[in-house]
Amino acid sequence: MVIIRSLVGNFSLIRPSLLGRNHCTVMSRRLHANRTVGVDKNVWVEFTQLAADYKAVNLGQGFPDFSPPQFVQDAFCKAVSGGPSMHQYTRAFGHPRLVKSLAKFFSRVVGHEIDAFEDILVTVGAYQALFCAFQALIDDGDEVIIVEPFFDCYQPMVLMAGGNAVYVPLRPKEGSAVLSSGDWVLSAEELSSKITPRTKAIVINTPNNPLGKVYQMEELQMIADLCLKHDLLCFSDEVYEWLTYDGAKHVKIASLPGMWERTITVGSAGKTFSATGWKVGWAISSGHIIKHMKIVHQNSVYHCATAAQEAVASGFEREYELFGTPESYFQQLPAVLHHKRQKLASCLQRVGLQPVMPEGGYFMITDISSVKVDLNDESTKDESYDFRFVKWLITEKGLATIPVSAFFSPEHSKEFDKYIRFCFVKEDSTLDAAEDILKKWSQKK
């Protein structure tokens, strides 16, 4: 017994010193994998934290500051109180009720009979749908053409899959005032010139974030023709598909002749039902494509939250019955956002800024080149103008926005660093608070 107490006493003396030495030990070999090199920076991490630190009025990050519609909230509550099965694993590739409702709804939209269990993969938000697509379909050395401006995750996802990103920007029409996102156009000649024998896919986002451009049928047909001619895939990010204004019509490129078999369409329940925190997304494509994405999914995330999928399924079943009627949320939300879009645009115009009116989505960019600001922060002197301006706006004025050059490649970002992005999917009180800040600033100029 004395021996045991002695050993315990010695152990208690030795253990802290061992822990201390272990804590200081660093592996001599490199820890990180090559795939993480060059993709560490993230505009959302940086500016979300900065906005929080300064308690800024947040028109930066793209999420509603109001609740989802009551019918999906009720569906979620019903799901979590619906017995043991709603709290356990469901089908790995999508809750049966959800994939059935998605197949029924989008078969009507696409004009193609979608197989619920072969043609759909439910994911943890649209982010994971994109990740599965790039990981499953892009190989070392493949070239992926990304149309700019682009949501910033496309580039790192291409790189992490071993691919090479090639960029083609939408550009404002020459010789005319840029008043609408529709004034930004894609050059068929420039896009065609970027295609090589290594090209595997073209990535588009319509309605576009941050610009709000809704691709017209002629533009989609041009992209489709190139995909068919060169045997390319098309990754089509359509998370804002129900949010269009002023008569703009969203068309799914997968609905064009020959494109169903080569298009991965990405959608989001978070954007569809104003519930971004639920993190339910999906990819819809031909089964011969989806089967490869399932492999990535089952070996990474494997499964998405059952109750959230059940609630989204209920939402789509409701919308199927009400589609095209005034009672449809897909009609009501864009009507509400049309008002908020006008409110923000009027505010920006009153303080001397010229917004680019979006045809879709819930973002608005504005040209800040006419604004004279003394950006004398030495810590940001090597950054793009719009990054410096947004940091000044947050820290000095208490208003959070996002720099638009973050949505462009390094080779083109300098051309577009005089724009910033505002989000208008906010309560009117939030938009009013932003307007007060802008008014006070403009009066002091």
# chains A, B, ... in the order shown; residues from 1 in each chain; ligands from 1

call {"tool": "closest_atom_pairs", "arguments": {"of": "region 189-296 of chain A", "to": "region 398-413 of chain A", "cutoff": "9 Å", "atoms": "only C-alpha atoms", "output": "tab-separated table"}}
result
residue	atom	partner	partner_atom	distance
A:Asn209	CA	A:Phe407	CA	8.5
A:Pro210	CA	A:Val404	CA	7.3
A:Leu211	CA	A:Val404	CA	9.0

call {"tool": "residues_around", "arguments": {"residues": "Val373 (chain A)", "least_positions_apart": "5", "cutoff": "10 Å", "atoms": "only C-alpha atoms", "output": "NGL selection string"}}
result
:A and (368 or 389 or 392-393 or 445)

call {"tool": "write_last_selection", "arguments": {"atoms": "all heavy atoms", "output": "PDB file, in the first residue's frame"}}
result
ATOM      1  N   ILE A 368     -18.337  52.984 -56.427  1.00  0.00           N
ATOM      2  CA  ILE A 368     -17.885  53.938 -55.404  1.00  0.00           C
ATOM      3  C   ILE A 368     -16.729  54.812 -55.910  1.00  0.00           C
ATOM      4  O   ILE A 368     -16.100  55.523 -55.122  1.00  0.00           O
ATOM      5  CB  ILE A 368     -17.449  53.204 -54.113  1.00  0.00           C
ATOM      6  CG1 ILE A 368     -16.352  52.164 -54.424  1.00  0.00           C
ATOM      7  CG2 ILE A 368     -18.642  52.571 -53.421  1.00  0.00           C
ATOM      8  CD1 ILE A 368     -15.696  51.564 -53.207  1.00  0.00           C
ATOM      9  N   PHE A 389     -11.930  50.272 -48.662  1.00  0.00           N
ATOM     10  CA  PHE A 389     -13.128  51.104 -48.484  1.00  0.00           C
ATOM     11  C   PHE A 389     -14.125  50.429 -47.543  1.00  0.00           C
ATOM     12  O   PHE A 389     -14.681  51.070 -46.631  1.00  0.00           O
ATOM     13  CB  PHE A 389     -13.779  51.366 -49.840  1.00  0.00           C
ATOM     14  CG  PHE A 389     -14.960  52.299 -49.779  1.00  0.00           C
ATOM     15  CD1 PHE A 389     -14.786  53.670 -49.967  1.00  0.00           C
ATOM     16  CD2 PHE A 389     -16.233  51.826 -49.520  1.00  0.00           C
ATOM     17  CE1 PHE A 389     -15.874  54.536 -49.900  1.00  0.00           C
ATOM     18  CE2 PHE A 389     -17.323  52.684 -49.450  1.00  0.00           C
ATOM     19  CZ  PHE A 389     -17.143  54.042 -49.648  1.00  0.00           C
ATOM     20  N   TRP A 392     -12.998  50.586 -43.990  1.00  0.00           N
ATOM     21  CA  TRP A 392     -13.226  51.950 -43.485  1.00  0.00           C
ATOM     22  C   TRP A 392     -14.697  52.165 -43.163  1.00  0.00           C
ATOM     23  O   TRP A 392     -15.041  52.740 -42.118  1.00  0.00           O
ATOM     24  CB  TRP A 392     -12.759  52.965 -44.538  1.00  0.00           C
ATOM     25  CG  TRP A 392     -13.095  54.389 -44.199  1.00  0.00           C
ATOM     26  CD1 TRP A 392     -12.387  55.242 -43.419  1.00  0.00           C
ATOM     27  CD2 TRP A 392     -14.263  55.103 -44.633  1.00  0.00           C
ATOM     28  NE1 TRP A 392     -13.028  56.465 -43.339  1.00  0.00           N
ATOM     29  CE2 TRP A 392     -14.180  56.402 -44.073  1.00  0.00           C
ATOM     30  CE3 TRP A 392     -15.357  54.779 -45.434  1.00  0.00           C
ATOM     31  CZ2 TRP A 392     -15.155  57.372 -44.304  1.00  0.00           C
ATOM     32  CZ3 TRP A 392     -16.333  55.739 -45.654  1.00  0.00           C
ATOM     33  CH2 TRP A 392     -16.226  57.024 -45.088  1.00  0.00           C
ATOM     34  N   LEU A 393     -15.582  51.691 -44.030  1.00  0.00           N
ATOM     35  CA  LEU A 393     -17.018  51.868 -43.831  1.00  0.00           C
ATOM     36  C   LEU A 393     -17.496  51.153 -42.568  1.00  0.00           C
ATOM     37  O   LEU A 393     -18.351  51.657 -41.835  1.00  0.00           O
ATOM     38  CB  LEU A 393     -17.778  51.347 -45.061  1.00  0.00           C
ATOM     39  CG  LEU A 393     -19.245  51.740 -45.230  1.00  0.00           C
ATOM     40  CD1 LEU A 393     -19.418  53.249 -45.273  1.00  0.00           C
ATOM     41  CD2 LEU A 393     -19.815  51.112 -46.499  1.00  0.00           C
ATOM     42  N   LYS A 445     -19.771  65.178 -46.155  1.00  0.00           N
ATOM     43  CA  LYS A 445     -18.795  65.170 -47.247  1.00  0.00           C
ATOM     44  C   LYS A 445     -18.576  66.568 -47.805  1.00  0.00           C
ATOM     45  O   LYS A 445     -19.481  67.378 -47.853  1.00  0.00           O
ATOM     46  CB  LYS A 445     -19.270  64.246 -48.370  1.00  0.00           C
ATOM     47  CG  LYS A 445     -19.127  62.773 -48.033  1.00  0.00           C
ATOM     48  CD  LYS A 445     -19.290  61.886 -49.239  1.00  0.00           C
ATOM     49  CE  LYS A 445     -20.682  61.955 -49.840  1.00  0.00           C
ATOM     50  NZ  LYS A 445     -20.829  61.064 -51.002  1.00  0.00           N
TER      51      LYS A 445
END

call {"tool": "closest_residue", "arguments": {"among": "A:Ile437, A:Val266, A:Val425, A:Ala133", "to": "Ala201 (chain A)", "atoms": "only C-alpha atoms"}}
result
A:Ala133

call {"tool": "closest_atom_pairs", "arguments": {"of": "region 345-418 of chain A", "to": "region 245-253 of chain A", "cutoff": "9 Å", "atoms": "only C-alpha atoms", "output": "tab-separated table"}}
result
residue	atom	partner	partner_atom	distance
A:Pro358	CA	A:Tyr245	CA	7.9
A:Glu359	CA	A:Tyr245	CA	5.3
A:Gly360	CA	A:Tyr245	CA	5.9
A:Gly361	CA	A:Tyr245	CA	8.8

call {"tool": "select_by_dssp", "arguments": {"residues": "region 146-276 of chain A", "states": "strand (DSSP E)", "output": "PyMOL selection string"}}
result
chain A and resi 146-148+164-169+171-172+184-185+199-205+233-237+263-268
